[in-house]
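Quick notes on the structure that follows.
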Amino acid sequence: MTIKHSSDDPVRPAASRALHLRAGRWPGLAVAAWGFLFAVPSFLWASGGTFGARSTVAPSLIKLADDRVPWFLAVLWVTGFLKLFGALIGIGLTRRRGTWTGRLLVFCGGGAAVLLVWHGCLFVVHGVLVEAGARAVAPDLAGLTRWYLYLWGPWFIAGGLAFAAAATRYVRRHDGGREVRLYGLVGAVGALFLSLASMLTGIG
(Lines give C-alpha, C1' and ligand atoms only; values in the text may rest on other atoms or scores of the structure.)
Protein backbone atom coordinates (compact mmCIF):
# COMPACT_ATOMS: atom_id res chain seq x y z
CA MET A 1 0.00 0.00 0.00
CA THR A 2 1.38 3.41 -0.95
CA ILE A 3 0.85 6.39 1.27
CA LYS A 4 0.77 9.69 -0.55
CA HIS A 5 1.86 12.85 1.14
CA SER A 6 0.32 16.09 0.07
CA SER A 7 2.75 18.61 -1.35
CA ASP A 8 1.33 21.10 1.14
CA ASP A 9 2.38 19.03 4.20
CA PRO A 10 5.96 20.42 4.52
CA VAL A 11 4.67 23.93 3.98
CA ARG A 12 2.03 23.93 6.68
CA PRO A 13 4.39 23.97 9.71
CA ALA A 14 6.41 26.82 8.19
CA ALA A 15 3.28 28.75 7.31
CA SER A 16 1.93 28.18 10.80
CA ARG A 17 5.16 29.46 12.34
CA ALA A 18 5.13 32.52 10.09
CA LEU A 19 1.54 33.26 11.03
CA HIS A 20 2.38 32.87 14.71
CA LEU A 21 5.31 35.30 14.39
CA ARG A 22 3.18 37.88 12.62
CA ALA A 23 0.46 37.53 15.26
CA GLY A 24 3.07 37.98 17.99
CA ARG A 25 4.32 41.21 16.47
CA TRP A 26 1.05 43.14 16.45
CA PRO A 27 1.37 44.68 19.97
CA GLY A 28 4.81 46.09 19.14
CA LEU A 29 3.58 47.40 15.81
CA ALA A 30 0.57 48.94 17.58
CA VAL A 31 2.99 50.72 19.94
CA ALA A 32 5.00 51.98 16.96
CA ALA A 33 1.89 53.31 15.20
CA TRP A 34 0.68 54.91 18.44
CA GLY A 35 4.03 56.61 19.03
CA PHE A 36 4.42 57.93 15.48
CA LEU A 37 0.86 59.28 15.40
CA PHE A 38 1.20 60.87 18.83
CA ALA A 39 4.48 62.57 17.84
CA VAL A 40 2.83 64.46 14.97
CA PRO A 41 0.91 67.00 17.14
CA SER A 42 4.01 67.71 19.26
CA PHE A 43 6.14 68.54 16.22
CA LEU A 44 3.28 70.44 14.57
CA TRP A 45 2.67 72.62 17.63
CA ALA A 46 6.40 73.11 18.20
CA SER A 47 6.71 74.34 14.61
CA GLY A 48 4.07 77.01 15.13
CA GLY A 49 0.90 75.24 14.02
CA THR A 50 -2.01 74.84 16.39
CA PHE A 51 -4.27 72.65 14.25
CA GLY A 52 -6.47 70.55 16.53
CA ALA A 53 -5.01 72.12 19.67
CA ARG A 54 -7.30 75.06 20.39
CA SER A 55 -10.31 72.91 21.20
CA THR A 56 -8.54 69.88 22.71
CA VAL A 57 -5.70 71.35 24.82
CA ALA A 58 -5.72 73.69 27.82
CA PRO A 59 -5.82 77.39 26.81
CA SER A 60 -2.78 78.14 28.99
CA LEU A 61 -0.72 75.73 26.89
CA ILE A 62 -2.04 77.22 23.65
CA LYS A 63 -0.95 80.67 24.84
CA LEU A 64 2.54 79.38 25.55
CA ALA A 65 2.70 77.96 22.03
CA ASP A 66 1.33 81.16 20.46
CA ASP A 67 3.81 83.29 22.40
CA ARG A 68 6.62 80.97 21.26
CA VAL A 69 7.92 80.63 24.82
CA PRO A 70 11.36 78.98 24.40
CA TRP A 71 11.16 76.52 27.29
CA PHE A 72 7.70 75.36 26.24
CA LEU A 73 8.80 74.87 22.64
CA ALA A 74 11.74 72.85 23.94
CA VAL A 75 9.30 70.69 25.92
CA LEU A 76 7.23 70.10 22.78
CA TRP A 77 10.30 69.04 20.79
CA VAL A 78 11.53 66.77 23.59
CA THR A 79 8.13 65.12 24.04
CA GLY A 80 7.88 64.61 20.29
CA PHE A 81 11.21 62.79 20.22
CA LEU A 82 10.23 60.79 23.31
CA LYS A 83 7.12 59.59 21.48
CA LEU A 84 9.30 58.57 18.52
CA PHE A 85 11.57 56.75 20.98
CA GLY A 86 8.50 54.95 22.27
CA ALA A 87 7.67 53.92 18.72
CA LEU A 88 11.19 52.49 18.35
CA ILE A 89 10.72 50.53 21.58
CA GLY A 90 7.59 49.02 20.08
CA ILE A 91 9.47 48.01 16.95
CA GLY A 92 12.26 46.58 19.10
CA LEU A 93 9.79 44.41 20.99
CA THR A 94 8.50 42.75 17.82
CA ARG A 95 11.30 40.15 17.81
CA ARG A 96 13.97 38.70 20.05
CA ARG A 97 17.01 40.90 20.67
CA GLY A 98 20.31 40.54 22.47
CA THR A 99 20.29 39.96 26.21
CA TRP A 100 20.89 43.52 27.39
CA THR A 101 18.92 45.13 24.57
CA GLY A 102 15.95 42.92 25.37
CA ARG A 103 16.14 43.75 29.07
CA LEU A 104 16.26 47.48 28.31
CA LEU A 105 13.30 47.21 25.94
CA VAL A 106 11.19 45.35 28.50
CA PHE A 107 12.23 47.79 31.24
CA CYS A 108 11.15 50.76 29.11
CA GLY A 109 7.99 48.97 27.99
CA GLY A 110 6.93 48.22 31.55
CA GLY A 111 7.60 51.78 32.66
CA ALA A 112 5.78 53.32 29.69
CA ALA A 113 2.77 51.05 30.26
CA VAL A 114 2.31 52.23 33.86
CA LEU A 115 2.95 55.91 33.11
CA LEU A 116 0.50 56.03 30.23
CA VAL A 117 -2.28 54.05 31.91
CA TRP A 118 -1.87 56.10 35.08
CA HIS A 119 -2.17 59.47 33.34
CA GLY A 120 -4.94 58.24 31.07
CA CYS A 121 -6.96 57.06 34.06
CA LEU A 122 -6.44 60.40 35.80
CA PHE A 123 -7.89 62.19 32.76
CA VAL A 124 -10.84 59.81 32.61
CA VAL A 125 -11.60 59.94 36.35
CA HIS A 126 -11.43 63.73 36.35
CA GLY A 127 -13.74 63.90 33.35
CA VAL A 128 -16.24 61.49 34.90
CA LEU A 129 -16.30 63.50 38.13
CA VAL A 130 -16.93 66.71 36.21
CA GLU A 131 -19.66 65.11 34.08
CA ALA A 132 -21.30 63.72 37.22
CA GLY A 133 -21.24 67.15 38.88
CA ALA A 134 -18.96 65.99 41.68
CA ARG A 135 -16.25 68.40 40.59
CA ALA A 136 -16.66 71.88 39.20
CA VAL A 137 -14.68 73.54 36.40
CA ALA A 138 -15.00 76.92 34.73
CA PRO A 139 -17.78 76.94 32.10
CA ASP A 140 -15.30 77.66 29.30
CA LEU A 141 -13.34 74.53 30.26
CA ALA A 142 -16.28 72.11 30.25
CA GLY A 143 -15.83 71.25 26.57
CA LEU A 144 -12.09 70.79 27.10
CA THR A 145 -12.75 68.37 29.95
CA ARG A 146 -14.78 66.20 27.59
CA TRP A 147 -11.85 66.05 25.17
CA TYR A 148 -9.65 64.77 27.98
CA LEU A 149 -12.36 62.31 29.00
CA TYR A 150 -13.20 60.92 25.57
CA LEU A 151 -9.97 61.46 23.60
CA TRP A 152 -6.77 61.99 25.55
CA GLY A 153 -7.59 59.71 28.47
CA PRO A 154 -8.52 56.69 26.32
CA TRP A 155 -5.62 57.47 23.97
CA PHE A 156 -3.09 57.32 26.81
CA ILE A 157 -4.67 54.16 28.20
CA ALA A 158 -4.63 52.49 24.78
CA GLY A 159 -0.94 53.31 24.39
CA GLY A 160 -0.16 51.95 27.85
CA LEU A 161 -2.01 48.70 27.19
CA ALA A 162 -0.18 48.33 23.88
CA PHE A 163 3.18 48.72 25.65
CA ALA A 164 2.10 46.20 28.29
CA ALA A 165 1.03 43.68 25.64
CA ALA A 166 4.24 44.14 23.62
CA ALA A 167 6.48 43.71 26.66
CA THR A 168 4.49 40.69 27.89
CA ARG A 169 4.68 38.93 24.53
CA TYR A 170 8.40 39.61 24.34
CA VAL A 171 8.94 38.06 27.78
CA ARG A 172 6.90 34.99 26.85
CA ARG A 173 9.00 34.40 23.74
CA HIS A 174 12.30 34.90 25.56
CA ASP A 175 14.29 31.92 26.87
CA GLY A 176 15.16 33.69 30.13
CA GLY A 177 11.60 34.88 30.69
CA ARG A 178 11.78 35.11 34.47
CA GLU A 179 14.87 37.32 34.49
CA VAL A 180 13.58 39.55 31.68
CA ARG A 181 10.22 39.83 33.46
CA LEU A 182 12.06 41.23 36.48
CA TYR A 183 13.33 44.15 34.40
CA GLY A 184 9.80 44.90 33.24
CA LEU A 185 8.59 44.79 36.83
CA VAL A 186 11.32 47.19 37.96
CA GLY A 187 10.39 49.59 35.17
CA ALA A 188 6.70 49.40 36.08
CA VAL A 189 7.31 49.94 39.82
CA GLY A 190 9.66 52.83 39.10
CA ALA A 191 7.06 54.46 36.84
CA LEU A 192 4.38 53.97 39.49
CA PHE A 193 6.60 55.62 42.11
CA LEU A 194 7.23 58.59 39.78
CA SER A 195 3.51 58.90 39.07
CA LEU A 196 2.61 58.88 42.76
CA ALA A 197 5.35 61.40 43.54
CA SER A 198 4.11 63.61 40.69
CA MET A 199 0.55 63.53 42.02
CA LEU A 200 1.55 64.21 45.62
CA THR A 201 3.88 67.09 44.76
CA GLY A 202 1.67 68.55 42.03
CA ILE A 203 4.54 68.40 39.52
CA GLY A 204 3.68 67.04 36.09
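Each chain of the C-alpha coordinates is named A, B, ... in the order shown, its residues numbered from 1; ligands are numbered from 1 in display order.
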
Determine, counting only C-alpha atoms, which protein, DNA and RNA residues have an atom within 7 Å of an atom of Gly28 (chain A); residues of the same chain fewer than 3 positions away are not included. Present the result as a PyMOL selection string. chain A and resi 25+31-32+90-91+93-94+166

Proximity of region 162-195 of chain A to region 101-120 of chain A: per-residue shortest pair, 7 Å limit, only C-alpha atoms, as a Markdown table:
| residue | atom | partner | partner_atom | distance |
| --- | --- | --- | --- | --- |
| A:Phe163 | CA | A:Ala113 | CA | 5.2 |
| A:Ala164 | CA | A:Ala113 | CA | 5.3 |
| A:Ala167 | CA | A:Val106 | CA | 5.3 |
| A:Val180 | CA | A:Arg103 | CA | 5.6 |
| A:Tyr183 | CA | A:Phe107 | CA | 4.9 |
| A:Gly184 | CA | A:Phe107 | CA | 4.3 |
| A:Leu185 | CA | A:Gly110 | CA | 6.5 |
| A:Val186 | CA | A:Phe107 | CA | 6.8 |
| A:Gly187 | CA | A:Gly111 | CA | 4.3 |
| A:Ala188 | CA | A:Gly111 | CA | 4.3 |
| A:Gly190 | CA | A:Gly111 | CA | 6.8 |
| A:Ala191 | CA | A:Gly111 | CA | 5.0 |
| A:Leu192 | CA | A:Val114 | CA | 6.3 |
| A:Ser195 | CA | A:Leu115 | CA | 6.7 |

Using the selection just defined, write its residues with N, CA and C atoms as a PDB file, in the first residue's frame.
ATOM      1  N   PHE A 163       1.832  48.960  25.101  1.00  0.00           N
ATOM      2  CA  PHE A 163       3.180  48.724  25.646  1.00  0.00           C
ATOM      3  C   PHE A 163       3.187  47.482  26.536  1.00  0.00           C
ATOM      4  N   ALA A 164       2.167  47.350  27.389  1.00  0.00           N
ATOM      5  CA  ALA A 164       2.105  46.197  28.286  1.00  0.00           C
ATOM      6  C   ALA A 164       2.014  44.896  27.496  1.00  0.00           C
ATOM      7  N   ALA A 167       5.459  44.185  25.719  1.00  0.00           N
ATOM      8  CA  ALA A 167       6.477  43.708  26.659  1.00  0.00           C
ATOM      9  C   ALA A 167       6.160  42.301  27.151  1.00  0.00           C
ATOM     10  N   VAL A 180      14.008  38.403  32.481  1.00  0.00           N
ATOM     11  CA  VAL A 180      13.577  39.550  31.683  1.00  0.00           C
ATOM     12  C   VAL A 180      12.330  40.177  32.292  1.00  0.00           C
ATOM     13  N   TYR A 183      13.006  42.810  34.896  1.00  0.00           N
ATOM     14  CA  TYR A 183      13.326  44.149  34.402  1.00  0.00           C
ATOM     15  C   TYR A 183      12.037  44.921  34.073  1.00  0.00           C
ATOM     16  N   GLY A 184      11.072  44.249  33.506  1.00  0.00           N
ATOM     17  CA  GLY A 184       9.799  44.898  33.238  1.00  0.00           C
ATOM     18  C   GLY A 184       9.108  45.327  34.513  1.00  0.00           C
ATOM     19  N   LEU A 185       9.200  44.475  35.539  1.00  0.00           N
ATOM     20  CA  LEU A 185       8.587  44.792  36.830  1.00  0.00           C
ATOM     21  C   LEU A 185       9.258  46.002  37.476  1.00  0.00           C
ATOM     22  N   VAL A 186      10.593  46.053  37.391  1.00  0.00           N
ATOM     23  CA  VAL A 186      11.321  47.193  37.960  1.00  0.00           C
ATOM     24  C   VAL A 186      10.916  48.482  37.246  1.00  0.00           C
ATOM     25  N   GLY A 187      10.815  48.414  35.922  1.00  0.00           N
ATOM     26  CA  GLY A 187      10.392  49.591  35.171  1.00  0.00           C
ATOM     27  C   GLY A 187       8.995  50.036  35.551  1.00  0.00           C
ATOM     28  N   ALA A 188       8.089  49.072  35.728  1.00  0.00           N
ATOM     29  CA  ALA A 188       6.702  49.397  36.083  1.00  0.00           C
ATOM     30  C   ALA A 188       6.622  50.005  37.473  1.00  0.00           C
ATOM     31  N   GLY A 190       9.033  51.510  39.142  1.00  0.00           N
ATOM     32  CA  GLY A 190       9.662  52.827  39.104  1.00  0.00           C
ATOM     33  C   GLY A 190       8.728  53.878  38.524  1.00  0.00           C
ATOM     34  N   ALA A 191       8.011  53.525  37.452  1.00  0.00           N
ATOM     35  CA  ALA A 191       7.064  54.465  36.845  1.00  0.00           C
ATOM     36  C   ALA A 191       5.907  54.764  37.789  1.00  0.00           C
ATOM     37  N   LEU A 192       5.452  53.753  38.530  1.00  0.00           N
ATOM     38  CA  LEU A 192       4.377  53.966  39.495  1.00  0.00           C
ATOM     39  C   LEU A 192       4.828  54.912  40.602  1.00  0.00           C
ATOM     40  N   SER A 195       4.875  58.397  39.250  1.00  0.00           N
ATOM     41  CA  SER A 195       3.510  58.900  39.074  1.00  0.00           C
ATOM     42  C   SER A 195       2.909  59.341  40.395  1.00  0.00           C
TER      43      SER A 195
END

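For the residues A:Leu44, A:Ala58, A:Leu82, A:Ile157, ranking by smallest atom-to-atom distance to Leu144 (chain A) using only C-alpha atoms places A:Ala58 first.
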
Please give the complete set of residues from region 67-164 of chain A that DSSP, run on the backbone, assigns to helix (DSSP H, G or I), formatted as number ranges by chain. A: 70-92, 99-131, 139-164

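One finds CA of Asp140 (chain A) at 23.6 Å from CA of Arg68 (chain A).
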
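Comparing A:Phe123, A:Gly160, A:Ala46, A:Val189 by their smallest distance to Trp71 (chain A), the closest is A:Ala46 (using only C-alpha atoms).
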
Spatial neighbours of Val124 (chain A), 7 Å, only C-alpha atoms, chain gap at least 4 places, as a PyMOL selection string: chain A and resi 120+128+148-149+153

Take the residues that were just selected and, keeping N, CA, C and O atoms, output them as a PDB file, in the first residue's frame.
ATOM      1  N   GLY A 120      -3.662  58.378  31.772  1.00  0.00           N
ATOM      2  CA  GLY A 120      -4.939  58.240  31.071  1.00  0.00           C
ATOM      3  C   GLY A 120      -6.095  58.072  32.035  1.00  0.00           C
ATOM      4  O   GLY A 120      -7.157  58.677  31.860  1.00  0.00           O
ATOM      5  N   VAL A 128     -15.018  62.114  34.375  1.00  0.00           N
ATOM      6  CA  VAL A 128     -16.237  61.492  34.895  1.00  0.00           C
ATOM      7  C   VAL A 128     -16.770  62.281  36.088  1.00  0.00           C
ATOM      8  O   VAL A 128     -17.983  62.505  36.210  1.00  0.00           O
ATOM      9  N   TYR A 148     -10.560  65.579  27.165  1.00  0.00           N
ATOM     10  CA  TYR A 148      -9.652  64.767  27.979  1.00  0.00           C
ATOM     11  C   TYR A 148     -10.326  63.462  28.410  1.00  0.00           C
ATOM     12  O   TYR A 148      -9.654  62.437  28.558  1.00  0.00           O
ATOM     13  N   LEU A 149     -11.624  63.500  28.596  1.00  0.00           N
ATOM     14  CA  LEU A 149     -12.357  62.306  29.000  1.00  0.00           C
ATOM     15  C   LEU A 149     -12.500  61.314  27.850  1.00  0.00           C
ATOM     16  O   LEU A 149     -12.265  60.112  28.023  1.00  0.00           O
ATOM     17  N   GLY A 153      -7.636  60.782  27.478  1.00  0.00           N
ATOM     18  CA  GLY A 153      -7.585  59.707  28.469  1.00  0.00           C
ATOM     19  C   GLY A 153      -7.555  58.331  27.833  1.00  0.00           C
ATOM     20  O   GLY A 153      -6.630  57.544  28.075  1.00  0.00           O
TER      21      GLY A 153
END

Taking 3 positions as the minimum chain separation for residues in the same chain, which residues sit within 10 Å of region 129-136 of chain A when counting only C-alpha atoms? Answer as a VMD selection string. chain A and resid 124 to 126 139 141 to 142 145 to 146 149

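Using only C-alpha atoms, the smallest distance between any of A:Gly159, A:Leu73, A:Ser42, A:Trp100 and Gly86 (chain A) comes from A:Gly159.
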
Separation of CA of Ala65 (chain A) from CA of Gly127 (chain A), in Å and rounded to one decimal: 24.4 Å

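CA of Phe38 (chain A) to CA of Leu84 (chain A) spans 8.4 Å [interatomic distance, one decimal].
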